[in-house]
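As provided, work_35.cif (mmCIF, C-alpha atoms) reads as follows.
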data_model
loop_
_atom_site.label_atom_id
_atom_site.label_comp_id
_atom_site.auth_asym_id
_atom_site.auth_seq_id
_atom_site.Cartn_x
_atom_site.Cartn_y
_atom_site.Cartn_z
CA MET A 1 -20.85 8.83 2.19
CA ARG A 2 -17.67 6.83 2.13
CA TYR A 3 -15.60 5.98 -0.93
CA ALA A 4 -13.47 2.88 -0.55
CA GLY A 5 -11.60 3.34 -3.82
CA PRO A 6 -10.94 0.78 -6.54
CA GLU A 7 -10.14 -2.85 -5.86
CA LEU A 8 -6.52 -2.66 -7.02
CA LEU A 9 -5.91 -6.40 -7.27
CA THR A 10 -8.90 -6.89 -9.56
CA LEU A 11 -7.98 -3.83 -11.61
CA GLY A 12 -4.37 -4.94 -12.05
CA ARG A 13 -5.38 -8.47 -13.01
CA ALA A 14 -7.93 -7.10 -15.49
CA PHE A 15 -5.00 -5.45 -17.29
CA GLY A 16 -2.99 -8.67 -17.24
CA ILE A 17 -0.62 -7.54 -14.49
CA ARG A 18 0.46 -9.81 -11.67
CA ALA A 19 -1.17 -8.36 -8.54
CA LEU A 20 -0.32 -9.14 -4.92
CA ALA A 21 -1.65 -7.85 -1.59
CA ALA A 22 0.48 -7.00 1.44
CA THR A 23 -1.18 -6.50 4.82
CA ASP A 24 1.86 -6.68 7.07
CA GLU A 25 5.64 -6.52 6.91
CA ALA A 26 6.04 -10.23 6.20
CA THR A 27 3.61 -10.29 3.26
CA LEU A 28 5.13 -7.06 1.89
CA HIS A 29 8.57 -8.68 2.00
CA GLY A 30 7.24 -11.75 0.19
CA ALA A 31 5.46 -9.61 -2.41
CA LEU A 32 8.63 -7.61 -3.09
CA ILE A 33 10.65 -10.80 -3.56
CA ALA A 34 7.97 -12.25 -5.84
CA ALA A 35 7.84 -9.02 -7.88
CA GLN A 36 11.60 -9.04 -8.40
CA THR A 37 11.76 -12.66 -9.46
CA ALA A 38 8.76 -12.69 -11.82
CA PRO A 39 8.93 -11.48 -15.41
CA GLY A 40 6.95 -8.36 -16.27
CA PRO A 41 5.27 -5.81 -14.02
CA THR A 42 3.77 -6.57 -10.62
CA LEU A 43 1.27 -4.43 -8.74
CA ILE A 44 1.56 -4.59 -4.94
CA ASP A 45 -1.48 -3.38 -3.01
CA ALA A 46 0.21 -2.43 0.29
CA ARG A 47 -2.40 -1.93 3.01
CA ILE A 48 -0.69 0.42 5.45
CA ASP A 49 -2.03 1.41 8.86
CA PRO A 50 -2.30 5.24 8.76
CA SER A 51 -2.65 5.67 12.53
CA GLY A 52 0.90 6.99 12.93
CA TYR A 53 0.76 9.57 10.10
CA ARG A 54 -0.35 12.52 12.21
CA ARG A 55 2.43 12.07 14.75
CA MET A 56 5.01 11.65 11.99
CA LEU A 57 3.84 14.87 10.31
CA GLU A 58 3.98 16.69 13.65
CA ILE A 59 7.58 15.58 14.09
CA VAL A 60 8.53 16.74 10.58
CA ARG A 61 6.43 19.92 10.31
CA GLY A 62 5.75 20.79 13.93
CA ALA A 63 2.54 20.41 15.90
CA PRO A 64 -0.44 22.52 14.75
CA LYS A 65 -1.05 25.69 16.75
#

Please rewrite the model in this file as structure tokens.
Amino acid sequence: MRYAGPELLTLGRAFGIRALAATDEATLHGALIAAQTAPGPTLIDARIDPSGYRRMLEIVRGAPK
């Protein structure tokens, strides 16, 4: 079984919040600019590639034994 989680854009918009998606660095930059220039709250659904997490944790915490 796999749980994909909630659709954050739909959820944010259902609550009347401006909601933007970011799938790469350029769209994240644009979403951050848009969030700062718009009145009220903005939800940014940042889709981040987790492939580098393990290596980053190994650098910080040390490799598992």

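By all atoms listed in the file, and with residues fewer than 6 positions from stretch 32-41 of chain A along its chain excluded, the set lying at most 12 Å from it is A:Gly12, A:Arg13, A:Phe15, A:Gly16, A:Ile17, A:Arg18, A:Ala19, A:Leu20, A:Ala21, A:Ala22, A:Glu25, A:Ala26.
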
Fill in: Option closest in space to A:Leu11, from A:Ile44, A:Asp49, A:Ala63, A:Asp24 [counting all atoms listed in the file]
A:Ile44

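With atom CA of A:Ala46 on one side and atom CA of A:Pro64 on the other, the separation reads 28.8 Å.
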
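Counting only C-alpha atoms and comparing A:Tyr3, A:Leu57, A:Lys65, A:Leu9, the residue that lies closest to A:Thr42 is A:Leu9.
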
Response to the item:
Counting all atoms listed in the file, the residue among A:Ala14, A:Met1, A:Leu8, A:Met56 that lies closest to A:Leu43 is A:Leu8

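One distance worth recording is that between atom CA of A:Asp45 and atom CA of A:Leu28, which is 9.0 Å.
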
Worksheet item: In Å, with one decimal, what is the gap from atom CA of A:Pro6 to atom CA of A:Arg47?
Response: 13.1 Å

I'd like the box whose edges run along x, y and z of the file and which contains every listed atom of stretch 28-37 of chain A, padded by 3 Å per side; could you state its centre and edge lengths in Å, one decimal, as JSON?
{"center_x": 8.4, "center_y": -9.9, "center_z": -3.7, "size_x": 12.6, "size_y": 11.6, "size_z": 17.5}
